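Raw upload03.txt, compact mmCIF, C-alpha atoms (C1' of nucleotides):
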```txt
# COMPACT_ATOMS: atom_id res chain seq x y z
CA MET A 271 51.89 62.85 63.87
CA GLN A 272 48.75 61.20 62.51
CA LEU A 273 49.77 57.57 62.25
CA SER A 274 48.75 54.16 63.53
CA PRO A 275 51.11 52.67 66.13
CA LEU A 276 52.69 50.39 63.52
CA HIS A 277 53.28 53.24 61.11
CA GLN A 278 54.53 55.53 63.83
CA ASP A 279 57.01 53.02 65.20
CA PHE A 280 58.39 52.31 61.74
CA VAL A 281 58.51 55.99 60.76
CA LEU A 282 60.30 57.06 63.92
CA HIS A 283 62.82 54.28 63.44
CA PHE A 284 63.57 55.35 59.89
CA GLY A 285 63.93 58.90 61.14
CA GLU A 286 66.49 57.86 63.73
CA MET A 287 68.38 55.68 61.25
CA GLY A 288 68.37 58.44 58.66
CA SER A 289 71.55 60.07 59.91
CA ARG A 290 73.38 56.73 59.80
CA TRP A 291 72.15 56.20 56.26
CA GLY A 292 73.35 59.58 55.04
CA ILE A 293 69.97 61.28 54.91
CA ASN A 294 68.33 63.41 57.57
CA ARG A 295 65.53 62.55 59.92
CA THR A 296 62.75 64.09 57.89
CA VAL A 297 63.89 62.45 54.65
CA GLY A 298 63.97 59.11 56.43
CA GLN A 299 60.49 59.64 57.80
CA ILE A 300 59.08 60.72 54.45
CA TYR A 301 60.51 57.62 52.85
CA ALA A 302 59.05 55.43 55.60
CA VAL A 303 55.59 56.91 55.14
CA LEU A 304 55.68 56.34 51.41
CA PHE A 305 57.09 52.86 51.82
CA LEU A 306 54.29 51.71 54.11
CA ASN A 307 51.49 53.41 52.26
CA ASP A 308 49.37 51.37 49.89
CA GLY A 309 49.41 53.77 46.97
CA PRO A 310 50.83 57.20 46.23
CA LEU A 311 50.68 60.23 48.52
CA ASN A 312 50.98 63.93 47.78
CA ALA A 313 53.11 66.36 49.73
CA GLU A 314 50.23 67.72 51.78
CA GLN A 315 49.31 64.21 52.93
CA VAL A 316 52.89 63.64 54.03
CA VAL A 317 52.76 66.93 55.94
CA GLU A 318 49.64 65.78 57.78
CA LYS A 319 51.14 62.41 58.62
CA LEU A 320 54.46 63.77 59.87
CA GLY A 321 53.58 67.20 61.22
CA VAL A 322 56.52 68.98 59.59
CA SER A 323 56.47 72.05 57.39
CA ARG A 324 55.39 71.97 53.78
CA SER A 325 58.74 73.34 52.62
CA ASN A 326 60.61 70.69 54.53
CA VAL A 327 58.59 67.99 52.80
CA SER A 328 59.24 69.62 49.45
CA THR A 329 62.99 69.56 50.07
CA GLY A 330 62.86 66.00 51.38
CA LEU A 331 60.95 64.74 48.36
CA LYS A 332 63.45 66.45 46.09
CA GLU A 333 66.26 64.64 47.84
CA LEU A 334 64.49 61.29 47.60
CA GLN A 335 64.03 61.93 43.90
CA ALA A 336 67.72 62.70 43.57
CA TRP A 337 68.33 59.29 45.14
CA ASN A 338 65.88 57.67 42.70
CA LEU A 339 64.13 56.25 45.72
CA VAL A 340 60.63 57.53 44.94
CA ARG A 341 58.49 57.55 41.87
CA LEU A 342 56.47 60.57 40.81
CA THR A 343 52.93 59.82 39.60
CA HIS A 344 49.73 61.70 38.89
CA LEU A 345 46.07 60.99 39.43
CA PRO A 346 43.35 61.86 36.90
CA ASN A 347 41.93 65.37 37.40
CA ASP A 348 44.46 66.22 40.08
CA ARG A 349 47.47 68.33 39.30
CA ARG A 350 49.29 67.64 42.53
CA ASP A 351 52.40 65.46 42.50
CA TYR A 352 52.00 62.04 44.06
CA PHE A 353 54.85 59.88 45.26
CA THR A 354 55.37 56.17 45.84
CA THR A 355 58.19 53.75 46.50
CA PRO A 356 58.50 50.85 44.04
CA ASP A 357 56.46 47.74 44.89
CA ASP A 358 59.42 45.57 44.03
CA LEU A 359 61.84 45.57 46.96
CA TRP A 360 64.65 44.24 44.81
CA GLU A 361 64.39 47.31 42.68
CA ILE A 362 64.76 49.38 45.84
CA VAL A 363 67.82 47.43 46.91
CA ARG A 364 69.42 47.80 43.50
CA THR A 365 68.79 51.54 43.55
CA LEU A 366 70.21 51.90 47.03
CA ILE A 367 73.39 50.06 46.14
CA GLU A 368 73.76 51.94 42.87
CA GLU A 369 73.32 55.35 44.48
CA ARG A 370 75.58 54.65 47.41
CA LYS A 371 78.21 53.34 45.06
CA LYS A 372 77.90 56.52 43.03
CA ARG A 373 78.26 58.76 46.07
CA GLU A 374 80.61 56.79 48.33
CA ILE A 375 82.85 54.71 46.10
CA ASP A 376 83.12 56.10 42.57
CA PRO A 377 84.66 59.44 43.57
CA THR A 378 87.33 57.63 45.56
CA LEU A 379 88.08 55.21 42.75
CA THR A 380 88.53 58.16 40.42
CA LYS A 381 90.83 59.85 42.90
CA LEU A 382 92.91 56.70 43.39
CA ARG A 383 93.41 56.31 39.66
CA GLU A 384 94.38 59.95 39.40
CA LEU A 385 96.96 59.51 42.16
CA GLN A 386 98.41 56.43 40.50
CA LEU A 387 99.09 58.38 37.33
CA GLN A 388 101.20 60.96 39.11
CA SER A 389 104.85 60.19 38.69
CA PRO A 390 107.66 60.21 39.37
CA VAL A 391 107.16 58.83 42.85
CA ALA A 392 109.42 60.21 45.55
CA ALA A 393 111.18 57.54 47.58
CA GLU A 394 109.30 58.60 50.72
CA ASP A 395 106.05 58.06 48.79
CA GLN A 396 106.80 54.56 47.54
CA TYR A 397 104.82 52.74 50.20
CA ALA A 398 101.90 55.16 49.94
CA HIS A 399 101.90 54.82 46.17
CA ASP A 400 101.75 51.03 46.41
CA ARG A 401 99.01 51.26 48.98
CA VAL A 402 96.97 53.51 46.69
CA ALA A 403 97.42 51.09 43.80
CA GLU A 404 96.43 48.14 45.92
CA LEU A 405 93.33 49.87 47.21
CA GLY A 406 92.36 50.90 43.69
CA ALA A 407 92.73 47.32 42.45
CA LEU A 408 90.60 45.96 45.26
CA ILE A 409 87.81 48.47 44.80
CA GLU A 410 87.87 47.78 41.09
CA LEU A 411 87.53 44.05 41.68
CA LEU A 412 84.54 44.65 43.93
CA THR A 413 82.79 47.14 41.66
CA ASP A 414 83.36 44.95 38.61
CA TRP A 415 81.85 42.03 40.48
CA TYR A 416 78.89 44.15 41.52
CA SER A 417 78.37 45.41 37.98
CA ASP A 418 78.39 41.84 36.72
CA MET A 419 75.96 40.53 39.34
CA ASN A 420 73.68 43.49 38.82
CA LYS A 421 73.05 42.32 35.28
CA LEU A 422 71.37 39.15 36.53
CA GLU A 423 67.62 39.11 36.66
CA THR A 424 66.28 39.02 40.17
CA GLU A 425 65.32 35.36 40.21
CA ARG A 426 68.82 34.29 39.24
CA LEU A 427 70.24 36.64 41.82
CA VAL A 428 68.04 35.20 44.56
CA GLN A 429 69.09 31.74 43.48
CA LEU A 430 72.76 32.64 43.88
CA LEU A 431 72.25 34.45 47.16
CA THR A 432 70.36 31.50 48.56
CA LEU A 433 73.17 29.18 47.58
CA GLY A 434 75.65 31.42 49.37
CA SER A 435 79.11 29.94 49.71
CA LYS A 436 77.75 26.59 48.57
CA VAL A 437 78.37 27.78 45.01
CA GLN A 438 81.91 26.64 45.75
CA LYS A 439 80.71 23.06 45.45
CA PHE A 440 79.55 23.68 41.92
CA ILE A 441 82.92 24.93 40.85
CA GLU A 442 85.51 22.43 39.74
CA THR A 443 88.92 23.46 40.95
CA THR A 444 89.78 24.83 37.55
CA GLY A 445 93.30 26.22 37.42
CA LYS A 446 95.07 28.00 40.18
CA ILE A 447 93.87 30.95 42.17
CA VAL A 448 95.67 34.20 41.47
CA PRO A 449 95.93 36.11 44.75
CA LEU A 450 95.98 39.92 44.83
CA ARG A 451 99.48 41.29 45.15
CA ARG A 452 99.93 42.69 48.64
CA SER A 453 102.10 45.66 49.43
CA LEU A 454 104.73 44.98 51.99
CA SER A 455 105.95 47.33 54.65
CA SER A 456 109.65 48.11 54.46
CA LYS A 457 110.01 46.02 57.59
CA GLN A 458 108.45 43.02 55.87
CA LYS A 459 110.67 43.57 52.86
CA LYS A 460 113.73 43.54 55.10
CA ASP A 461 112.48 40.35 56.73
CA MET A 462 112.36 38.69 53.31
CA LEU A 463 116.02 39.29 52.60
CA MET B 11 99.58 70.21 57.11
CA GLN B 12 103.00 68.54 56.84
CA LEU B 13 102.52 66.09 54.00
CA SER B 14 103.90 65.26 50.57
CA PRO B 15 101.59 66.16 47.67
CA LEU B 16 100.49 62.52 47.28
CA HIS B 17 99.69 62.18 50.97
CA GLN B 18 97.97 65.54 51.08
CA ASP B 19 95.76 64.85 48.09
CA PHE B 20 94.71 61.47 49.49
CA VAL B 21 94.16 62.82 52.99
CA LEU B 22 92.05 65.76 51.84
CA HIS B 23 89.95 63.42 49.71
CA PHE B 24 89.29 61.10 52.64
CA GLY B 25 88.38 64.14 54.71
CA GLU B 26 85.83 65.27 52.15
CA MET B 27 84.40 61.77 51.75
CA GLY B 28 84.22 61.32 55.51
CA SER B 29 80.79 62.84 55.87
CA ARG B 30 79.41 60.57 53.14
CA TRP B 31 80.93 57.58 54.90
CA GLY B 32 79.35 58.42 58.25
CA ILE B 33 82.48 59.76 59.91
CA ASN B 34 83.64 63.35 60.13
CA ARG B 35 86.38 65.08 58.22
CA THR B 36 89.07 64.73 60.87
CA VAL B 37 88.36 61.05 61.43
CA GLY B 38 88.61 60.49 57.69
CA GLN B 39 91.90 62.35 57.55
CA ILE B 40 93.35 60.50 60.51
CA TYR B 41 92.46 57.21 58.89
CA ALA B 42 94.02 58.32 55.60
CA VAL B 43 97.27 59.28 57.31
CA LEU B 44 97.49 55.94 59.07
CA PHE B 45 96.54 54.05 55.94
CA LEU B 46 99.33 55.57 53.86
CA ASN B 47 101.97 55.43 56.54
CA ASP B 48 104.47 52.62 56.49
CA GLY B 49 104.30 51.69 60.14
CA PRO B 50 102.47 52.94 63.22
CA LEU B 51 102.08 56.55 64.30
CA ASN B 52 101.33 58.09 67.67
CA ALA B 53 98.77 60.79 68.29
CA GLU B 54 101.31 63.60 68.36
CA GLN B 55 102.63 62.59 64.94
CA VAL B 56 99.11 62.68 63.55
CA VAL B 57 98.66 66.15 65.05
CA GLU B 58 101.81 67.34 63.26
CA LYS B 59 100.74 65.85 59.96
CA LEU B 60 97.19 67.21 60.05
CA GLY B 61 97.52 70.41 62.04
CA VAL B 62 94.46 69.79 64.21
CA SER B 63 94.20 69.84 67.99
CA ARG B 64 95.48 67.05 70.16
CA SER B 65 92.05 66.49 71.68
CA ASN B 66 90.47 66.22 68.28
CA VAL B 67 92.94 63.50 67.33
CA SER B 68 92.27 61.72 70.59
CA THR B 69 88.54 61.67 69.88
CA GLY B 70 89.08 60.65 66.28
CA LEU B 71 91.32 57.75 67.21
CA LYS B 72 88.75 56.63 69.76
CA GLU B 73 86.12 56.59 67.06
CA LEU B 74 88.36 54.66 64.66
CA GLN B 75 88.95 52.14 67.43
CA ALA B 76 85.19 51.85 67.97
CA TRP B 77 84.97 51.01 64.27
CA ASN B 78 87.75 48.46 64.62
CA LEU B 79 89.50 50.25 61.80
CA VAL B 80 92.81 50.83 63.54
CA ARG B 81 95.12 48.63 65.57
CA LEU B 82 96.77 49.83 68.75
CA THR B 83 100.42 48.88 69.15
CA HIS B 84 103.37 49.81 71.34
CA LEU B 85 107.06 50.29 70.75
CA PRO B 86 109.74 49.12 73.18
CA ASN B 87 110.61 51.75 75.79
CA ASP B 88 107.86 54.08 74.66
CA ARG B 89 104.64 54.34 76.57
CA ARG B 90 102.78 56.27 73.92
CA ASP B 91 100.02 54.57 71.95
CA TYR B 92 100.80 53.86 68.31
CA PHE B 93 98.20 53.20 65.64
CA THR B 94 98.15 51.43 62.30
CA THR B 95 95.67 50.16 59.76
CA PRO B 96 95.91 46.47 58.90
CA ASP B 97 98.29 45.60 56.04
CA ASP B 98 95.69 43.25 54.61
CA LEU B 99 93.13 45.29 52.69
CA TRP B 100 90.66 42.41 52.71
CA GLU B 101 90.64 42.54 56.47
CA ILE B 102 89.79 46.23 56.20
CA VAL B 103 86.95 45.54 53.78
CA ARG B 104 85.55 42.82 56.01
CA THR B 105 85.67 45.15 59.01
CA LEU B 106 83.99 47.97 57.12
CA ILE B 107 81.15 45.75 55.96
CA GLU B 108 80.76 44.19 59.38
CA GLU B 109 80.64 47.52 61.19
CA ARG B 110 78.32 49.18 58.71
CA LYS B 111 76.03 46.18 58.90
CA LYS B 112 76.06 46.47 62.68
CA ARG B 113 75.21 50.18 62.61
CA GLU B 114 73.00 50.53 59.54
CA ILE B 115 71.20 47.21 59.08
CA ASP B 116 70.99 45.18 62.27
CA PRO B 117 68.98 47.73 64.27
CA THR B 118 66.44 47.91 61.46
CA LEU B 119 66.21 44.14 61.14
CA THR B 120 65.54 43.95 64.88
CA LYS B 121 62.88 46.62 64.60
CA LEU B 122 61.20 44.88 61.66
CA ARG B 123 61.01 41.60 63.55
CA GLU B 124 59.60 43.41 66.56
CA LEU B 125 56.92 45.01 64.40
CA GLN B 126 56.00 41.68 62.83
CA LEU B 127 55.29 40.19 66.25
CA GLN B 128 52.77 42.86 67.13
CA SER B 129 49.28 41.57 66.54
CA PRO B 130 46.43 41.74 65.98
CA VAL B 131 46.87 43.77 62.83
CA ALA B 132 44.26 46.45 62.18
CA ALA B 133 42.71 46.27 58.70
CA GLU B 134 44.25 49.63 57.80
CA ASP B 135 47.66 48.22 58.73
CA GLN B 136 47.46 45.07 56.63
CA TYR B 137 49.45 46.39 53.71
CA ALA B 138 52.07 48.00 55.97
CA HIS B 139 52.38 44.79 57.96
CA ASP B 140 52.98 42.78 54.77
CA ARG B 141 55.48 45.32 53.60
CA VAL B 142 57.38 45.10 56.89
CA ALA B 143 57.43 41.31 56.64
CA GLU B 144 58.65 41.39 53.07
CA LEU B 145 61.42 43.87 53.88
CA GLY B 146 62.47 41.80 56.87
CA ALA B 147 62.66 38.66 54.73
CA LEU B 148 64.74 40.38 52.10
CA ILE B 149 67.22 41.85 54.56
CA GLU B 150 67.50 38.49 56.22
CA LEU B 151 68.28 36.81 52.90
CA LEU B 152 71.01 39.35 52.23
CA THR B 153 72.56 39.24 55.68
CA ASP B 154 72.49 35.43 55.73
CA TRP B 155 74.24 35.41 52.37
CA TYR B 156 76.82 37.87 53.65
CA SER B 157 77.40 35.86 56.79
CA ASP B 158 77.92 32.75 54.68
CA MET B 159 80.31 34.40 52.23
CA ASN B 160 82.22 36.01 55.06
CA LYS B 161 83.22 32.56 56.28
CA LEU B 162 85.22 31.93 53.14
CA GLU B 163 88.92 32.49 53.25
CA THR B 164 90.04 35.44 51.20
CA GLU B 165 91.48 33.46 48.31
CA ARG B 166 88.21 31.59 47.79
CA LEU B 167 86.32 34.84 48.03
CA VAL B 168 88.51 36.48 45.39
CA GLN B 169 88.00 33.46 43.19
CA LEU B 170 84.23 33.80 43.44
CA LEU B 171 84.28 37.57 42.95
CA THR B 172 86.44 37.19 39.89
CA LEU B 173 84.03 34.67 38.43
CA GLY B 174 81.16 37.09 38.99
CA SER B 175 77.91 36.05 37.36
CA LYS B 176 79.78 33.36 35.46
CA VAL B 177 79.25 31.12 38.50
CA GLN B 178 75.84 30.60 36.91
CA LYS B 179 77.50 28.41 34.30
CA PHE B 180 78.77 26.08 36.99
CA ILE B 181 75.35 25.55 38.41
CA GLU B 182 73.14 22.87 36.93
CA THR B 183 69.56 24.00 36.79
CA THR B 184 68.74 21.94 39.87
CA GLY B 185 65.07 22.20 40.77
CA LYS B 186 62.94 25.25 40.44
CA ILE B 187 63.64 28.68 41.77
CA VAL B 188 61.47 29.79 44.66
CA PRO B 189 60.79 33.51 44.27
CA LEU B 190 60.24 35.78 47.25
CA ARG B 191 56.56 36.34 47.95
CA ARG B 192 55.66 39.88 47.01
CA SER B 193 53.05 41.95 48.81
CA LEU B 194 50.33 43.23 46.56
CA SER B 195 48.62 46.57 46.77
CA SER B 196 44.90 46.41 47.31
CA LYS B 197 44.58 47.63 43.73
CA GLN B 198 46.62 44.70 42.46
CA LYS B 199 44.55 42.34 44.56
CA LYS B 200 41.38 43.70 43.00
CA ASP B 201 42.89 43.29 39.54
CA MET B 202 43.45 39.61 40.25
CA LEU B 203 39.77 38.94 40.94
C1' DC C 58 104.99 60.41 96.65
C1' DA C 59 106.35 64.08 93.57
C1' DT C 60 107.36 64.74 88.81
C1' DG C 61 107.02 64.23 84.03
C1' DT C 62 104.52 62.54 80.30
C1' DA C 63 100.44 60.63 77.84
C1' DT C 64 95.67 60.57 77.26
C1' DT C 65 90.89 61.82 78.10
C1' DT C 66 87.20 64.77 79.34
C1' DC C 67 84.61 68.73 78.93
C1' DA C 68 82.68 73.46 78.51
C1' DG C 69 82.31 76.80 75.30
C1' DA C 70 83.08 78.49 70.49
C1' DA C 71 82.75 77.71 65.65
C1' DA C 72 80.89 75.51 61.82
C1' DT C 73 77.52 72.99 59.62
C1' DT C 74 73.03 71.23 58.79
C1' DA C 75 68.04 71.19 59.31
C1' DC C 76 63.78 73.51 59.58
C1' DT C 77 60.22 77.07 59.24
C1' DG C 78 57.16 80.66 57.40
C1' DA C 79 56.77 83.87 53.95
C1' DA C 80 57.48 85.26 49.44
C1' DA C 81 58.25 83.99 44.73
C1' DT C 82 57.43 81.13 40.91
C1' DG C 83 54.91 78.11 38.05
C1' DT C 84 50.67 76.43 35.97
C1' DC C 85 46.00 75.43 35.06
C1' DT C 86 41.32 77.07 34.01
C1' DA C 87 37.31 79.93 34.21
C1' DT D 62 44.50 87.26 32.06
C1' DA D 63 42.90 87.03 36.82
C1' DG D 64 42.46 83.93 40.32
C1' DA D 65 43.18 79.57 42.54
C1' DC D 66 46.21 76.20 43.69
C1' DA D 67 50.79 73.66 43.81
C1' DT D 68 55.52 73.82 44.40
C1' DT D 69 60.00 75.91 45.17
C1' DT D 70 63.14 79.18 47.00
C1' DC D 71 65.16 81.59 50.55
C1' DA D 72 66.46 84.31 54.66
C1' DG D 73 66.45 83.78 59.33
C1' DT D 74 66.42 80.69 63.25
C1' DA D 75 67.04 76.37 65.61
C1' DA D 76 69.40 72.28 66.35
C1' DT D 77 73.27 69.52 65.92
C1' DT D 78 77.95 68.42 65.21
C1' DT D 79 82.72 69.43 65.30
C1' DC D 80 86.62 71.48 67.22
C1' DT D 81 89.67 73.72 70.58
C1' DG D 82 92.24 74.77 74.81
C1' DA D 83 92.33 73.97 79.46
C1' DA D 84 91.69 71.05 83.20
C1' DA D 85 91.41 66.45 84.89
C1' DT D 86 92.92 61.84 84.96
C1' DA D 87 96.19 58.04 84.51
C1' DC D 88 100.37 56.09 85.33
C1' DA D 89 105.30 54.99 85.26
C1' DT D 90 109.56 56.00 87.59
C1' DG D 91 113.25 58.58 90.06
```

Could you render the structure from this file as structure tokens?
Amino acid sequence: MQLSPLHQDFVLHFGEMGSRWGINRTVGQIYAVLFLNDGPLNAEQVVEKLGVSRSNVSTGLKELQAWNLVRLTHLPNDRRDYFTTPDDLWEIVRTLIEERKKREIDPTLTKLRELQLQSPVAAEDQYAHDRVAELGALIELLTDWYSDMNKLETERLVQLLTLGSKVQKFIETTGKIVPLRRSLSSKQKKDML
Amino acid sequence: MQLSPLHQDFVLHFGEMGSRWGINRTVGQIYAVLFLNDGPLNAEQVVEKLGVSRSNVSTGLKELQAWNLVRLTHLPNDRRDYFTTPDDLWEIVRTLIEERKKREIDPTLTKLRELQLQSPVAAEDQYAHDRVAELGALIELLTDWYSDMNKLETERLVQLLTLGSKVQKFIETTGKIVPLRRSLSSKQKKDML
DNA sequence: CATGTATTTCAGAAATTACTGAAATGTCTA
DNA sequence: TAGACATTTCAGTAATTTCTGAAATACATG
């Protein structure tokens, strides 16, 4: 691995974290190399820096492209593909959230809606059915909120994030709060009688 | 697998999604079974429902406990361990975010801070060093915001989420917005001269 | 303390995922 | 279009993860 100590430390860390982030070690390392590099790199340069096979780098770059995490560019008089990460870290964060939402949340939301449509509901399934509905409603609230916030330009977003929970203070207590309906276990229902 | 169609569909989905969520299929399925069940289950009951080995369930439950995603309870005159998921879905969401933050973000934030402390910085590392600092600052902004929002009681949180970006309207344009400092590539620096 | 029951540990098997080197494909240009 | 170069595909291998059944451990109670 042909890297300065700083690069190497960072790259190895991203490699180790890769599996927790849902990518593999090599993909994590490739991303790290591109992230730290001032300007685009081609596949062969990544191979030299990481000491992994050319085909492995090819596959890894394909996966990073599928995640929209790298940009493909070209240099004049050079037909090789060059790759970079965006300069703007907020763009990276937005992409990460978007892609993870797409992979980790959207399929489940779809499934939950599908399950809610299935009726009639057997008595033994009543609790489960309620639970599914409640989970669907909560995920929908969160994804709608995300979708709304994502429309803000970065400076506004940073402003809101910096305020944190202090935004409360800017909000007059307009009207009452409508809490999410909670499913109750049959035990709780009995207790209410 | 001894489950009603609704349960089975949900459980199989959670199993498939497991790998994307950083847990394995069985752990996902165990969680799904507990989530849908009205009341606690013991390990043997989970074995019957899923048709996997007792030891596999034992390991899976251990992992779910490590994630704080299940609660251990006991029934009178029964020394077996019983497990449930919390009734309150918001508690589940908070736990999920907390645990993923702990596993996927905190180690990297620690590493980034460690790397920032290492000096002197070689000329070739200047860009990388800036990039590390910028990433650290951004993650810190996000985790501080999260930590702040997490202090809110659920009803307040739901209120804010429901408002979404409309909170903007409640905020007077007090003072100027301070944007995050962005690192510049050496090319961009040249362009500024 | 012996027995019955619950849970955990663990070695090996099975399944899945990652990686390599070689071959195939694509593409530019002389 | 032949040759040079870039990238992708793919079969085989390596590494890792998951799963099982059996043995070990834990512990309450007759």

Set out as JSON lines a contact list for chain A and chain D with a cut-off of 9 Å, giving each residue of chain A that qualifies its closest atom pair and distance in Å to one decimal, counting only C-alpha atoms (C1' of nucleotides), ordered by chain and rising residue number.
```
{"residue": "A:Ser325", "atom": "CA", "partner": "D:DT69", "partner_atom": "C1'", "distance": 8.0}
{"residue": "A:Ser328", "atom": "CA", "partner": "D:DT68", "partner_atom": "C1'", "distance": 7.5}
{"residue": "A:Thr329", "atom": "CA", "partner": "D:DT69", "partner_atom": "C1'", "distance": 8.6}
{"residue": "A:Arg349", "atom": "CA", "partner": "D:DA67", "partner_atom": "C1'", "distance": 7.7}
{"residue": "A:Arg350", "atom": "CA", "partner": "D:DA67", "partner_atom": "C1'", "distance": 6.3}
{"residue": "A:Asp351", "atom": "CA", "partner": "D:DA67", "partner_atom": "C1'", "distance": 8.5}
```

**OP:** Please provide the set of residues having any atom within 12 Å of Ile107 in chain B, restricted to all atoms listed in the file, with same-chain residues fewer than 3 positions apart removed, written as a PyMOL selection string.
**Re:** chain B and resi 31+77-79+100-104+110-116+153+156-157+159-160

Subject >> Residue contacts of range 274-284 of chain A (6 Å, only C-alpha atoms (C1' of nucleotides)) excluding same-chain residues fewer than 4 positions away, as a list in words >> reply: Gly288, Gly298, Gln299 and Ala302 of chain A

Original post:
For chain A, which residues have at least one atom within 8 Å of chain C, if we go by all atoms listed in the file? Write them as a PyMOL selection string, please.
Top reply: chain A and resi 294+323+325-326

Write out as JSON lines the residues of chain A that have any atom within 6 Å of an atom of chain B, one row each with the nearest atom pair and its distance in Å to one decimal, counting only C-alpha atoms, sorted by chain and then rising number.
```
{"residue": "A:Leu306", "atom": "CA", "partner": "B:Ala138", "partner_atom": "CA", "distance": 4.7}
{"residue": "A:Asp308", "atom": "CA", "partner": "B:Ser195", "partner_atom": "CA", "distance": 5.8}
{"residue": "A:Ala398", "atom": "CA", "partner": "B:Leu46", "partner_atom": "CA", "distance": 4.7}
{"residue": "A:Trp415", "atom": "CA", "partner": "B:Gly174", "partner_atom": "CA", "distance": 5.2}
{"residue": "A:Asp418", "atom": "CA", "partner": "B:Ser175", "partner_atom": "CA", "distance": 5.8}
{"residue": "A:Met419", "atom": "CA", "partner": "B:Ser175", "partner_atom": "CA", "distance": 5.3}
{"residue": "A:Leu431", "atom": "CA", "partner": "B:Trp155", "partner_atom": "CA", "distance": 5.7}
{"residue": "A:Gly434", "atom": "CA", "partner": "B:Trp155", "partner_atom": "CA", "distance": 5.2}
{"residue": "A:Ser435", "atom": "CA", "partner": "B:Met159", "partner_atom": "CA", "distance": 5.3}
{"residue": "A:Phe440", "atom": "CA", "partner": "B:Phe180", "partner_atom": "CA", "distance": 5.5}
{"residue": "A:Ile441", "atom": "CA", "partner": "B:Phe180", "partner_atom": "CA", "distance": 5.8}
{"residue": "A:Ser455", "atom": "CA", "partner": "B:Asp48", "partner_atom": "CA", "distance": 5.8}
```

If you take every atom of range 63-71 of chain D that the file lists and fit an axis-aligned box around them with 8 Å extra on each side, what centre and edge lengths come out in Å to one decimal, as lines of an AutoDock Vina configuration file?
```
center_x = 53.8
center_y = 80.3
center_z = 43.7
size_x = 38.7
size_y = 29.4
size_z = 29.7
```

Have range 139-152 of chain B completed to N, CA and C atoms, please, and pass it along as a compact mmCIF listing (two decimals), in the frame of the given file.
```txt
# COMPACT_ATOMS: atom_id res chain seq x y z
N HIS B 139 51.87 45.98 57.27
CA HIS B 139 52.38 44.79 57.96
C HIS B 139 53.04 43.83 56.97
N ASP B 140 52.40 43.63 55.81
CA ASP B 140 52.98 42.78 54.77
C ASP B 140 54.30 43.34 54.28
N ARG B 141 54.30 44.63 54.11
CA ARG B 141 55.48 45.32 53.60
C ARG B 141 56.67 45.15 54.57
N VAL B 142 56.36 45.29 55.85
CA VAL B 142 57.38 45.10 56.89
C VAL B 142 57.92 43.67 56.84
N ALA B 143 57.01 42.71 56.69
CA ALA B 143 57.43 41.31 56.64
C ALA B 143 58.31 41.05 55.43
N GLU B 144 57.90 41.61 54.31
CA GLU B 144 58.65 41.39 53.07
C GLU B 144 60.06 42.01 53.17
N LEU B 145 60.12 43.21 53.72
CA LEU B 145 61.42 43.87 53.88
C LEU B 145 62.31 43.08 54.83
N GLY B 146 61.71 42.61 55.92
CA GLY B 146 62.47 41.80 56.87
C GLY B 146 63.04 40.55 56.20
N ALA B 147 62.21 39.89 55.39
CA ALA B 147 62.66 38.66 54.73
C ALA B 147 63.80 38.95 53.76
N LEU B 148 63.70 40.05 53.06
CA LEU B 148 64.74 40.38 52.10
C LEU B 148 66.06 40.70 52.79
N ILE B 149 65.98 41.50 53.84
CA ILE B 149 67.22 41.85 54.56
C ILE B 149 67.85 40.60 55.16
N GLU B 150 66.98 39.73 55.64
CA GLU B 150 67.50 38.49 56.22
C GLU B 150 68.21 37.64 55.16
N LEU B 151 67.63 37.56 53.99
CA LEU B 151 68.28 36.81 52.90
C LEU B 151 69.66 37.39 52.62
N LEU B 152 69.73 38.70 52.54
CA LEU B 152 71.01 39.35 52.23
C LEU B 152 72.04 39.17 53.35
```
